[in-house]
$ cat model-v9.csv   # CSV, C-alpha atoms
chain,number,residue,atom,x,y,z
A,1,MET,CA,-15.0,1.2,-10.6
A,2,ILE,CA,-16.8,-0.2,-7.6
A,3,GLY,CA,-15.9,0.2,-4.0
A,4,LEU,CA,-17.2,0.0,-0.5
A,5,LEU,CA,-16.5,1.6,2.9
A,6,GLY,CA,-15.6,-0.9,5.5
A,7,LYS,CA,-14.2,-1.7,8.9
A,8,LYS,CA,-11.3,-4.0,9.5
A,9,LEU,CA,-12.2,-6.6,12.0
A,10,GLY,CA,-8.9,-8.5,12.1
A,11,GLU,CA,-6.9,-11.2,10.4
A,12,THR,CA,-7.0,-14.9,10.4
A,13,ARG,CA,-6.3,-17.9,8.1
A,14,VAL,CA,-8.6,-20.0,6.0
A,15,TYR,CA,-8.1,-23.1,3.9
A,16,ASP,CA,-8.8,-22.8,0.2
A,17,ALA,CA,-10.1,-25.5,-2.1
A,18,LYS,CA,-6.7,-27.0,-2.6
A,19,GLY,CA,-6.1,-27.2,1.2
A,20,THR,CA,-3.6,-24.4,1.3
A,21,LEU,CA,-3.8,-22.1,4.3
A,22,VAL,CA,-4.4,-18.5,3.1
A,23,PRO,CA,-3.8,-15.5,5.3
A,24,VAL,CA,-6.9,-13.2,5.2
A,25,THR,CA,-8.1,-9.9,6.5
A,26,VAL,CA,-11.7,-9.9,7.6
A,27,VAL,CA,-13.5,-6.7,6.6
A,28,LEU,CA,-17.0,-5.7,7.5
A,29,VAL,CA,-18.3,-3.9,4.4
A,30,GLY,CA,-21.8,-3.1,5.0
A,31,PRO,CA,-24.4,-1.9,5.0
A,32,ASN,CA,-23.2,0.8,2.7
A,33,ARG,CA,-26.0,3.3,2.0
A,34,VAL,CA,-26.1,5.2,-1.2
A,35,ILE,CA,-26.6,8.8,-0.2
A,36,GLN,CA,-26.3,10.7,-3.4
A,37,CYS,CA,-25.5,10.2,-7.1
A,38,ARG,CA,-23.4,12.9,-8.7
A,39,THR,CA,-24.1,13.4,-12.3
A,40,GLU,CA,-22.4,15.1,-15.2
A,41,GLU,CA,-25.2,17.6,-15.7
A,42,VAL,CA,-25.5,18.8,-12.1
A,43,ASP,CA,-22.1,18.3,-10.6
A,44,GLY,CA,-19.8,18.0,-13.6
A,45,TYR,CA,-18.6,14.5,-12.8
A,46,ARG,CA,-20.1,11.1,-12.1
A,47,ALA,CA,-19.8,9.6,-8.7
A,48,VAL,CA,-21.7,7.8,-6.0
A,49,GLN,CA,-21.6,8.9,-2.4
A,50,LEU,CA,-21.7,6.1,0.1
A,51,GLY,CA,-22.3,6.2,3.8
A,52,PHE,CA,-21.2,3.6,6.2
A,53,ASP,CA,-21.6,2.8,9.9
A,54,ASP,CA,-24.9,4.1,11.3
A,55,GLN,CA,-24.7,6.7,13.9
A,56,LYS,CA,-27.0,8.3,16.4
A,57,GLU,CA,-28.4,11.5,15.1
A,58,HIS,CA,-27.4,13.7,18.1
A,59,ARG,CA,-23.8,12.7,17.6
A,60,MET,CA,-23.8,14.2,14.0
A,61,THR,CA,-22.7,17.7,13.2
A,62,LYS,CA,-25.4,19.9,11.9
A,63,ALA,CA,-23.6,20.4,8.6
A,64,ALA,CA,-23.4,16.7,8.0
A,65,MET,CA,-26.9,16.1,9.1
A,66,GLY,CA,-28.2,18.8,6.9
A,67,HIS,CA,-26.6,17.2,3.9
A,68,LEU,CA,-28.0,13.8,4.8
A,69,ARG,CA,-31.5,15.2,5.4
A,70,LYS,CA,-31.5,16.7,2.0
A,71,HIS,CA,-31.1,13.3,0.6
A,72,ASN,CA,-33.4,11.5,3.1
A,73,ALA,CA,-30.4,9.5,4.4
A,74,VAL,CA,-29.8,8.0,7.8
A,75,PRO,CA,-27.0,9.3,10.0
A,76,VAL,CA,-23.7,7.6,9.2
A,77,LYS,CA,-20.2,7.9,10.5
A,78,ARG,CA,-18.3,7.8,7.3
A,79,ILE,CA,-19.2,9.3,3.9
A,80,ARG,CA,-17.1,8.9,0.8
A,81,GLU,CA,-17.6,9.4,-2.9
A,82,PHE,CA,-16.5,6.8,-5.5
A,83,ARG,CA,-15.9,8.2,-9.0
A,84,ASP,CA,-17.5,6.5,-12.0
A,85,PHE,CA,-19.3,3.8,-10.1
A,86,SER,CA,-20.0,1.0,-12.5
A,87,LEU,CA,-23.0,-0.4,-10.7
A,88,ASP,CA,-26.4,1.1,-11.4
A,89,VAL,CA,-27.5,2.4,-8.0
A,90,LYS,CA,-29.8,5.2,-6.8
A,91,PRO,CA,-30.0,7.1,-3.5
A,92,GLY,CA,-31.5,5.0,-0.8
A,93,ASP,CA,-30.1,1.8,-2.0
A,94,VAL,CA,-28.1,-0.4,0.4
A,95,ILE,CA,-25.2,-2.3,-1.0
A,96,GLY,CA,-22.7,-4.6,0.7
A,97,ALA,CA,-20.3,-7.5,0.3
A,98,SER,CA,-22.3,-9.1,-2.5
A,99,ILE,CA,-21.1,-6.6,-5.1
A,100,PHE,CA,-17.8,-8.4,-5.0
A,101,ALA,CA,-17.3,-12.0,-6.0
A,102,VAL,CA,-14.7,-14.6,-5.0
A,103,GLY,CA,-11.7,-14.3,-7.2
A,104,ASP,CA,-12.1,-10.5,-7.8
A,105,TYR,CA,-9.1,-8.3,-7.2
A,106,VAL,CA,-9.4,-5.3,-4.9
A,107,ASP,CA,-7.2,-2.5,-3.5
A,108,GLY,CA,-7.3,-2.0,0.3
A,109,ILE,CA,-6.9,1.5,1.5
A,110,GLY,CA,-6.4,2.3,5.2
A,111,VAL,CA,-4.4,4.4,7.6
A,112,THR,CA,-1.3,2.5,8.9
A,113,LYS,CA,-0.8,2.0,12.6
A,114,GLY,CA,1.0,4.9,14.1
A,115,ARG,CA,4.5,4.1,15.4
A,116,GLY,CA,5.4,7.5,16.9
A,117,PHE,CA,8.9,8.9,16.7
A,118,GLU,CA,11.0,6.2,15.3
A,119,GLY,CA,14.7,5.8,14.7
A,120,VAL,CA,16.3,5.3,11.4
A,121,MET,CA,16.6,1.5,11.6
A,122,LYS,CA,12.9,0.9,12.0
A,123,ARG,CA,11.8,3.7,9.8
A,124,TRP,CA,14.1,3.4,6.8
A,125,ASP,CA,15.6,0.0,7.3
A,126,PHE,CA,19.1,1.3,7.9
A,127,ARG,CA,21.6,-1.2,8.9
A,128,GLY,CA,22.8,0.4,12.2
A,129,GLY,CA,26.1,-0.5,13.7
A,130,ASP,CA,27.7,-3.7,14.9
A,131,ALA,CA,26.2,-5.3,18.0
A,132,SER,CA,29.5,-6.5,19.2
A,133,HIS,CA,33.2,-6.5,18.2
A,134,GLY,CA,33.9,-3.6,20.5
A,135,SER,CA,31.1,-1.5,19.3
A,136,LYS,CA,30.3,1.3,21.7
A,137,GLY,CA,27.5,3.8,21.4
A,138,TRP,CA,27.1,3.3,17.7
A,139,ARG,CA,24.4,0.6,17.3
A,140,ARG,CA,21.3,2.3,15.9
A,141,ARG,CA,22.6,5.6,14.7
A,142,THR,CA,22.1,7.3,11.4
A,143,GLY,CA,25.7,7.8,10.2
A,144,ALA,CA,26.9,10.5,8.0
A,145,ILE,CA,24.3,12.8,6.4
A,146,GLY,CA,26.5,14.9,4.2
A,147,GLN,CA,30.0,15.7,2.9
A,148,ARG,CA,32.4,18.6,3.8
A,149,LEU,CA,32.6,22.3,3.2
A,150,PHE,CA,31.4,21.6,-0.3
A,151,PRO,CA,28.4,21.3,-0.6
A,152,GLY,CA,28.3,22.4,3.0
A,153,THR,CA,24.6,21.5,3.4
A,154,VAL,CA,22.5,18.5,4.0
A,155,ARG,CA,20.8,17.2,0.9
A,156,ARG,CA,17.1,17.6,0.8
A,157,GLY,CA,15.0,14.5,1.6
A,158,ILE,CA,17.7,12.7,3.4
A,159,LYS,CA,16.3,9.9,5.6
A,160,MET,CA,16.3,10.7,9.2
A,161,PRO,CA,14.4,9.7,12.4
A,162,GLY,CA,10.9,11.0,12.8
A,163,HIS,CA,7.3,10.3,12.9
A,164,MET,CA,6.3,6.9,11.3
A,165,GLY,CA,3.0,5.5,10.5
A,166,GLN,CA,-0.5,6.8,10.6
A,167,VAL,CA,-0.6,7.7,7.0
A,168,ARG,CA,-3.0,6.6,4.3
A,169,ARG,CA,-1.7,3.7,2.4
A,170,THR,CA,-3.1,1.5,-0.4
A,171,VAL,CA,-2.3,-2.1,-0.9
A,172,GLN,CA,-3.0,-3.2,-4.5
A,173,ASN,CA,-4.2,-6.4,-6.0
A,174,LEU,CA,-5.6,-8.3,-3.1
A,175,GLU,CA,-7.7,-11.4,-4.0
A,176,ILE,CA,-11.1,-11.9,-2.5
A,177,ILE,CA,-11.2,-15.3,-0.9
A,178,GLN,CA,-14.6,-15.4,0.6
A,179,VAL,CA,-17.8,-13.3,0.3
A,180,ARG,CA,-20.2,-13.7,3.2
A,181,ALA,CA,-23.1,-11.7,1.9
A,182,GLU,CA,-25.5,-12.3,4.8
A,183,GLU,CA,-23.0,-11.0,7.3
A,184,ASN,CA,-21.6,-8.3,4.9
A,185,ILE,CA,-18.1,-9.6,5.4
A,186,LEU,CA,-15.3,-10.0,2.9
A,187,LEU,CA,-12.2,-12.2,3.4
A,188,ILE,CA,-9.4,-10.7,1.5
A,189,ARG,CA,-6.0,-12.3,1.0
A,190,GLY,CA,-3.2,-10.6,2.8
A,191,GLY,CA,-3.0,-7.6,5.0
A,192,ILE,CA,-4.7,-4.2,4.9
A,193,PRO,CA,-3.3,-1.2,6.6
A,194,GLY,CA,-4.7,-0.2,10.0
A,195,SER,CA,-5.5,-1.8,13.3
A,196,LYS,CA,-8.7,-3.7,14.2
A,197,GLY,CA,-11.7,-1.5,14.1
A,198,ASP,CA,-10.2,1.0,11.7
A,199,TYR,CA,-12.1,2.3,8.7
A,200,VAL,CA,-10.9,1.0,5.4
A,201,VAL,CA,-11.9,1.4,1.8
A,202,ILE,CA,-12.2,-1.6,-0.4
A,203,ARG,CA,-12.3,-0.8,-4.1
A,204,GLU,CA,-12.0,-2.7,-7.3
A,205,SER,CA,-8.4,-3.1,-8.2
A,206,LYS,CA,-7.0,-0.3,-10.4
A,207,LYS,CA,-4.6,-2.6,-12.1
A,208,ASN,CA,-6.6,-5.8,-12.2
A,209,PRO,CA,-10.2,-4.7,-12.6
A,210,LYS,CA,-13.3,-6.9,-12.9
A,211,LYS,CA,-13.6,-7.8,-16.6
A,212,GLU,CA,-17.4,-7.7,-17.0
A,213,ALA,CA,-17.6,-4.6,-14.9
A,214,THR,CA,-15.3,-2.6,-17.2
A,215,ALA,CA,-17.2,-3.9,-20.2
A,216,LYS,CA,-20.5,-2.5,-18.8
A,217,ALA,CA,-19.0,0.8,-18.0
K,1,MET,CA,-19.3,-9.0,18.0
K,2,SER,CA,-16.3,-9.3,15.8
K,3,GLN,CA,-14.9,-12.0,18.0
K,4,SER,CA,-17.9,-14.2,17.4
K,5,ILE,CA,-17.4,-13.8,13.6
K,6,PHE,CA,-13.9,-15.0,13.9
K,7,GLU,CA,-15.0,-18.0,15.9
K,8,LYS,CA,-17.5,-18.7,13.2
K,9,ILE,CA,-15.1,-18.3,10.3
K,10,GLU,CA,-12.5,-20.5,12.0
K,11,SER,CA,-14.8,-23.2,13.4
K,12,GLU,CA,-16.3,-23.7,9.9
K,13,GLN,CA,-13.0,-25.1,8.9
K,14,TYR,CA,-12.5,-27.5,11.7
K,15,ARG,CA,-12.5,-31.1,10.8
K,16,LYS,CA,-15.8,-32.7,11.3
K,17,GLU,CA,-14.5,-35.6,13.3
K,18,PRO,CA,-11.6,-34.4,15.4
K,19,ALA,CA,-8.5,-36.5,15.2
K,20,VAL,CA,-8.0,-38.1,18.6
K,21,PHE,CA,-4.5,-38.7,19.5
K,22,ALA,CA,-2.0,-37.7,22.1
K,23,VAL,CA,1.7,-36.8,22.4
K,24,GLY,CA,3.6,-40.1,22.5
K,25,ASP,CA,1.2,-42.0,20.3
K,26,THR,CA,2.6,-43.9,17.3
K,27,VAL,CA,0.4,-42.8,14.5
K,28,LYS,CA,-0.1,-43.1,10.7
K,29,VAL,CA,-1.0,-39.8,9.2
K,30,HIS,CA,-2.9,-40.2,5.9
K,31,THR,CA,-2.2,-37.2,3.7
K,32,ARG,CA,-3.7,-36.3,0.4
K,33,VAL,CA,-1.0,-35.7,-2.2
K,34,ILE,CA,-2.0,-34.1,-5.5
K,35,GLU,CA,0.3,-35.1,-8.4
K,36,GLY,CA,-0.8,-33.4,-11.5
K,37,GLU,CA,-4.4,-34.6,-12.1
K,38,LYS,CA,-4.4,-37.5,-9.7
K,39,GLU,CA,-4.8,-37.5,-6.0
K,40,ARG,CA,-3.5,-40.2,-3.8
K,41,ILE,CA,-3.0,-40.9,-0.1
K,42,GLN,CA,0.4,-40.9,1.4
K,43,VAL,CA,1.1,-42.3,4.8
K,44,PHE,CA,3.6,-40.8,7.2
K,45,ALA,CA,4.1,-43.1,10.2
K,46,GLY,CA,5.9,-42.0,13.3
K,47,ILE,CA,5.6,-40.8,16.9
K,48,VAL,CA,3.7,-37.6,17.8
K,49,ILE,CA,6.3,-35.6,19.6
K,50,GLY,CA,4.4,-32.4,20.2
K,51,ARG,CA,1.3,-30.4,19.6
K,52,ARG,CA,1.1,-26.6,19.5
K,53,GLY,CA,-1.3,-23.8,18.7
K,54,HIS,CA,-5.0,-23.2,19.2
K,55,GLY,CA,-7.9,-23.5,16.9
K,56,ILE,CA,-7.2,-23.2,13.3
K,57,ASN,CA,-3.5,-22.6,13.9
K,58,SER,CA,-2.9,-25.9,15.8
K,59,THR,CA,-0.3,-28.2,14.4
K,60,PHE,CA,1.3,-31.5,15.5
K,61,THR,CA,4.8,-32.8,14.8
K,62,VAL,CA,5.4,-36.5,13.9
K,63,ARG,CA,8.9,-37.9,14.0
K,64,ARG,CA,10.1,-41.1,12.4
K,65,ILE,CA,13.4,-42.7,11.5
K,66,SER,CA,13.6,-43.0,7.8
K,67,TYR,CA,16.6,-44.9,6.4
K,68,GLY,CA,18.6,-44.2,9.5
K,69,GLU,CA,17.8,-40.5,9.3
K,70,GLY,CA,15.4,-38.7,11.7
K,71,VAL,CA,12.6,-37.0,9.8
K,72,GLU,CA,10.0,-34.7,11.4
K,73,ARG,CA,6.9,-33.4,9.7
K,74,VAL,CA,4.5,-30.8,11.0
K,75,PHE,CA,0.9,-31.2,10.1
K,76,PRO,CA,-1.9,-28.7,10.7
K,77,VAL,CA,-4.5,-30.5,12.7
K,78,HIS,CA,-7.4,-29.1,10.7
K,79,SER,CA,-5.8,-29.3,7.3
K,80,PRO,CA,-8.1,-30.9,4.7
K,81,ARG,CA,-5.0,-32.4,3.3
K,82,VAL,CA,-4.7,-34.6,6.3
K,83,GLU,CA,-7.2,-37.3,5.5
K,84,LYS,CA,-7.1,-39.0,8.9
K,85,VAL,CA,-4.8,-39.9,11.7
K,86,VAL,CA,-4.7,-43.5,12.8
K,87,VAL,CA,-3.3,-44.3,16.2
K,88,ASP,CA,-1.3,-47.5,16.1
K,89,ARG,CA,-0.2,-47.5,19.7
K,90,GLN,CA,-0.8,-45.3,22.5
K,91,GLY,CA,2.2,-44.1,24.4
K,92,SER,CA,2.5,-43.0,27.9
K,93,VAL,CA,4.7,-40.0,28.3
K,94,ARG,CA,5.3,-37.5,31.0
K,95,ARG,CA,6.2,-34.6,28.8
K,96,ALA,CA,4.3,-32.3,26.4
K,97,LYS,CA,7.1,-32.2,23.9
K,98,LEU,CA,9.3,-35.2,23.2
K,99,THR,CA,12.3,-33.4,22.0
K,100,TYR,CA,14.5,-35.7,24.0
K,101,LEU,CA,13.9,-38.3,21.3
K,102,ARG,CA,16.1,-36.3,18.9
K,103,GLN,CA,19.1,-37.1,21.0
K,104,ARG,CA,18.5,-40.8,21.0
K,105,ILE,CA,20.1,-43.0,18.4
K,106,GLY,CA,19.9,-46.6,17.7
K,107,LYS,CA,17.1,-49.0,17.1
K,108,SER,CA,14.4,-49.6,19.6
K,109,ALA,CA,15.8,-47.1,22.1
K,110,THR,CA,14.7,-44.3,19.9
K,111,ALA,CA,12.0,-45.1,17.4
K,112,VAL,CA,10.0,-47.2,19.8
K,113,LYS,CA,9.1,-45.1,22.7
K,114,GLU,CA,7.9,-45.7,26.2
K,115,LYS,CA,5.8,-48.8,26.1
K,116,GLU,CA,2.1,-48.8,25.8
K,117,THR,CA,0.5,-48.9,29.1
K,118,ARG,CA,-3.2,-49.2,28.7
K,119,ARG,CA,-4.8,-47.9,31.8
K,120,ARG,CA,-7.8,-49.9,32.6
K,121,LYS,CA,-10.7,-48.1,34.0
$ encode --input "model-v9.csv" --output "structure tokens"
Amino acid sequence: MIGLLGKKLGETRVYDAKGTLVPVTVVLVGPNRVIQCRTEEVDGYRAVQLGFDDQKEHRMTKAAMGHLRKHNAVPVKRIREFRDFSLDVKPGDVIGASIFAVGDYVDGIGVTKGRGFEGVMKRWDFRGGDASHGSKGWRRRTGAIGQRLFPGTVRRGIKMPGHMGQVRRTVQNLEIIQVRAEENILLIRGGIPGSKGDYVVIRESKKNPKKEATAKA
Amino acid sequence: MSQSIFEKIESEQYRKEPAVFAVGDTVKVHTRVIEGEKERIQVFAGIVIGRRGHGINSTFTVRRISYGEGVERVFPVHSPRVEKVVVDRQGSVRRAKLTYLRQRIGKSATAVKEKETRRRK
């Protein structure tokens, strides 16, 4: 498995070799600094800890700074571990967009835009009521949520209005359209959860992994 | 910062020599058509009845009468599949969108638009 921390810059469209317009998400994925390598012997599992988005030291918490100092790492805003990293890296390395290639498949993980308290039509795609034909006061409502005296209670998990969005979501199997190594930018087909400037995780697709990478690991 | 990256990504895709034409022009649009292995050029001739969008998203609409039936095609301005746009006649129109042509029927009244008035400078 390989992955990177990144920042979503926005979405646009590009032409591919055939001349088809492809919708892409532009993600800044570097520099990612390798902070620590966790090993079977010491930690009981194999992982690589990456840091992204450099930060001023006085803005860091002492706890985080202590950890980074221990590994002689620069202050960063985001730290995340990737299990069973299939690239051979050591602490102090800087990796970026070039670990992916055009045509690879990745999963994009982000926090969806918060929608606030939303009704049942937007949140759960309920049909609502008629807009016309004498409809009055029953246009966006939920409808019935149960039966009668028996069972006398509302079933658990019934879909109702409530808070929508701002949850971590993964979009699987997104194709890499362009790798701009010198700018550390990936163009990835389709959308990735989150608004512009949000932190995202780009990792090798779980269901469609890189062939040579799995062979090596 | 990120805005300039978008401009860079998008401007890389702009056609090298911009196609120069205006709404009301009678044009021939040379499009690349890929049929199996072969690639050939297909020409769509008609009147430009509108342009829309900015940058990479800009498109233009060409209308023609084909076998008595009005046909409109929308082309992205910067698409590599649009080989070139040849202006046959320049039109002089007072509108940005020539939707009124859709209502017109008959021969010259429709297909041939306002006459070419070459402004001499």
$ interface_residues --input "model-v9.csv" --of "chain A" --to "chain K" --cutoff "10 Å" --atoms "all atoms listed in the file" --output "list in words"
Lys8, Leu9, Gly10, Glu11, Thr12, Arg13, Val14, Tyr15, Asp16, Ala17, Lys18, Gly19, Thr20, Leu21, Val26, Val27, Leu28, Arg180, Glu183, Ile185, Leu187, Lys196 and Gly197 of chain A
$ write_last_selection --input "model-v9.csv" --atoms "C-alpha atoms" --output "PDB file, in the frame of the given file"
ATOM      1  CA  LYS A   8     -11.300  -4.000   9.500  1.00  0.00           C
ATOM      2  CA  LEU A   9     -12.200  -6.600  12.000  1.00  0.00           C
ATOM      3  CA  GLY A  10      -8.900  -8.500  12.100  1.00  0.00           C
ATOM      4  CA  GLU A  11      -6.900 -11.200  10.400  1.00  0.00           C
ATOM      5  CA  THR A  12      -7.000 -14.900  10.400  1.00  0.00           C
ATOM      6  CA  ARG A  13      -6.300 -17.900   8.100  1.00  0.00           C
ATOM      7  CA  VAL A  14      -8.600 -20.000   6.000  1.00  0.00           C
ATOM      8  CA  TYR A  15      -8.100 -23.100   3.900  1.00  0.00           C
ATOM      9  CA  ASP A  16      -8.800 -22.800   0.200  1.00  0.00           C
ATOM     10  CA  ALA A  17     -10.100 -25.500  -2.100  1.00  0.00           C
ATOM     11  CA  LYS A  18      -6.700 -27.000  -2.600  1.00  0.00           C
ATOM     12  CA  GLY A  19      -6.100 -27.200   1.200  1.00  0.00           C
ATOM     13  CA  THR A  20      -3.600 -24.400   1.300  1.00  0.00           C
ATOM     14  CA  LEU A  21      -3.800 -22.100   4.300  1.00  0.00           C
ATOM     15  CA  VAL A  26     -11.700  -9.900   7.600  1.00  0.00           C
ATOM     16  CA  VAL A  27     -13.500  -6.700   6.600  1.00  0.00           C
ATOM     17  CA  LEU A  28     -17.000  -5.700   7.500  1.00  0.00           C
ATOM     18  CA  ARG A 180     -20.200 -13.700   3.200  1.00  0.00           C
ATOM     19  CA  GLU A 183     -23.000 -11.000   7.300  1.00  0.00           C
ATOM     20  CA  ILE A 185     -18.100  -9.600   5.400  1.00  0.00           C
ATOM     21  CA  LEU A 187     -12.200 -12.200   3.400  1.00  0.00           C
ATOM     22  CA  LYS A 196      -8.700  -3.700  14.200  1.00  0.00           C
ATOM     23  CA  GLY A 197     -11.700  -1.500  14.100  1.00  0.00           C
TER      24      GLY A 197
END
$ closest_residue --input "model-v9.csv" --among "K:Tyr100, K:Arg73, K:His54, K:Thr31" --to "Ser11 of chain K" --atoms "all atoms listed in the file"
K:His54
$ residues_around --input "model-v9.csv" --residues "Val86 of chain K" --least-positions-apart "3" --cutoff "12 Å" --atoms "all atoms listed in the file" --output "JSON, numbers by chain"
{"K": [18, 19, 20, 21, 22, 25, 26, 27, 28, 29, 30, 31, 43, 44, 45, 46, 47, 48, 82, 83, 89, 90]}
$ residues_around --input "model-v9.csv" --residues "Val34 of chain A" --least-positions-apart "6" --cutoff "8 Å" --atoms "all atoms listed in the file" --output "list in words"
Val48, Gln49, Leu50, Gly51, Val89, Lys90, Pro91, Gly92, Asp93, Val94 and Ile95 of chain A
$ write_last_selection --input "model-v9.csv" --atoms "C-alpha atoms" --output "PDB file, keeping the file's coordinate frame"
ATOM      1  CA  VAL A  48     -21.700   7.800  -6.000  1.00  0.00           C
ATOM      2  CA  GLN A  49     -21.600   8.900  -2.400  1.00  0.00           C
ATOM      3  CA  LEU A  50     -21.700   6.100   0.100  1.00  0.00           C
ATOM      4  CA  GLY A  51     -22.300   6.200   3.800  1.00  0.00           C
ATOM      5  CA  VAL A  89     -27.500   2.400  -8.000  1.00  0.00           C
ATOM      6  CA  LYS A  90     -29.800   5.200  -6.800  1.00  0.00           C
ATOM      7  CA  PRO A  91     -30.000   7.100  -3.500  1.00  0.00           C
ATOM      8  CA  GLY A  92     -31.500   5.000  -0.800  1.00  0.00           C
ATOM      9  CA  ASP A  93     -30.100   1.800  -2.000  1.00  0.00           C
ATOM     10  CA  VAL A  94     -28.100  -0.400   0.400  1.00  0.00           C
ATOM     11  CA  ILE A  95     -25.200  -2.300  -1.000  1.00  0.00           C
TER      12      ILE A  95
END
$ residues_around --input "model-v9.csv" --residues "Val74 of chain A" --least-positions-apart "3" --cutoff "10 Å" --atoms "only C-alpha atoms" --output "list of chain:residue names"
A:Arg33, A:Ile35, A:Gly51, A:Phe52, A:Asp53, A:Asp54, A:Gln55, A:Lys56, A:Glu57, A:Met65, A:Leu68, A:Arg69, A:His71, A:Lys77, A:Gly92
$ closest_residue --input "model-v9.csv" --among "A:Gly157, A:Gly190, A:Gly162, A:Gly119" --to "Arg139 of chain A" --atoms "only C-alpha atoms"
A:Gly119
$ decode --input "model-v9.csv" --residues "segment 89-95 of chain A" --atoms "all heavy atoms" --output "JSON list (two decimals), in the first residue's frame"
[["chain", "number", "residue", "atom", "x", "y", "z"],
["A", 89, "VAL", "N", 11.17, 3.52, 2.31],
["A", 89, "VAL", "CA", 11.53, 4.88, 2.72],
["A", 89, "VAL", "C", 12.08, 4.85, 4.13],
["A", 89, "VAL", "O", 11.85, 3.89, 4.88],
["A", 89, "VAL", "CB", 10.30, 5.83, 2.68],
["A", 89, "VAL", "CG1", 9.88, 6.12, 1.27],
["A", 89, "VAL", "CG2", 9.15, 5.25, 3.48],
["A", 90, "LYS", "N", 12.84, 5.89, 4.46],
["A", 90, "LYS", "CA", 13.35, 5.99, 5.82],
["A", 90, "LYS", "C", 13.07, 7.40, 6.34],
["A", 90, "LYS", "O", 12.84, 8.33, 5.55],
["A", 90, "LYS", "CB", 14.84, 5.67, 5.86],
["A", 90, "LYS", "CG", 15.68, 6.47, 4.88],
["A", 90, "LYS", "CD", 17.10, 5.97, 4.92],
["A", 90, "LYS", "CE", 18.02, 6.84, 4.08],
["A", 90, "LYS", "NZ", 17.61, 7.01, 2.69],
["A", 91, "PRO", "N", 13.06, 7.57, 7.66],
["A", 91, "PRO", "CA", 12.74, 8.88, 8.22],
["A", 91, "PRO", "C", 13.64, 9.96, 7.64],
["A", 91, "PRO", "O", 14.85, 9.77, 7.47],
["A", 91, "PRO", "CB", 12.99, 8.69, 9.72],
["A", 91, "PRO", "CG", 12.76, 7.26, 9.95],
["A", 91, "PRO", "CD", 13.21, 6.55, 8.72],
["A", 92, "GLY", "N", 13.05, 11.11, 7.32],
["A", 92, "GLY", "CA", 13.79, 12.19, 6.71],
["A", 92, "GLY", "C", 13.56, 12.28, 5.21],
["A", 92, "GLY", "O", 13.83, 13.31, 4.62],
["A", 93, "ASP", "N", 13.07, 11.20, 4.61],
["A", 93, "ASP", "CA", 12.78, 11.23, 3.19],
["A", 93, "ASP", "C", 11.62, 12.17, 2.90],
["A", 93, "ASP", "O", 10.75, 12.38, 3.74],
["A", 93, "ASP", "CB", 12.41, 9.83, 2.69],
["A", 93, "ASP", "CG", 13.62, 8.94, 2.54],
["A", 93, "ASP", "OD1", 14.73, 9.43, 2.81],
["A", 93, "ASP", "OD2", 13.45, 7.76, 2.18],
["A", 94, "VAL", "N", 11.62, 12.70, 1.70],
["A", 94, "VAL", "CA", 10.51, 13.53, 1.25],
["A", 94, "VAL", "C", 9.93, 12.87, 0.01],
["A", 94, "VAL", "O", 10.65, 12.60, -0.95],
["A", 94, "VAL", "CB", 10.98, 14.96, 0.93],
["A", 94, "VAL", "CG1", 9.83, 15.77, 0.37],
["A", 94, "VAL", "CG2", 11.55, 15.62, 2.17],
["A", 95, "ILE", "N", 8.65, 12.56, 0.08],
["A", 95, "ILE", "CA", 8.02, 11.94, -1.09],
["A", 95, "ILE", "C", 6.89, 12.84, -1.57],
["A", 95, "ILE", "O", 6.44, 13.74, -0.87],
["A", 95, "ILE", "CB", 7.52, 10.51, -0.79],
["A", 95, "ILE", "CG1", 6.62, 10.50, 0.43],
["A", 95, "ILE", "CG2", 8.68, 9.58, -0.59],
["A", 95, "ILE", "CD1", 6.04, 9.15, 0.71]]
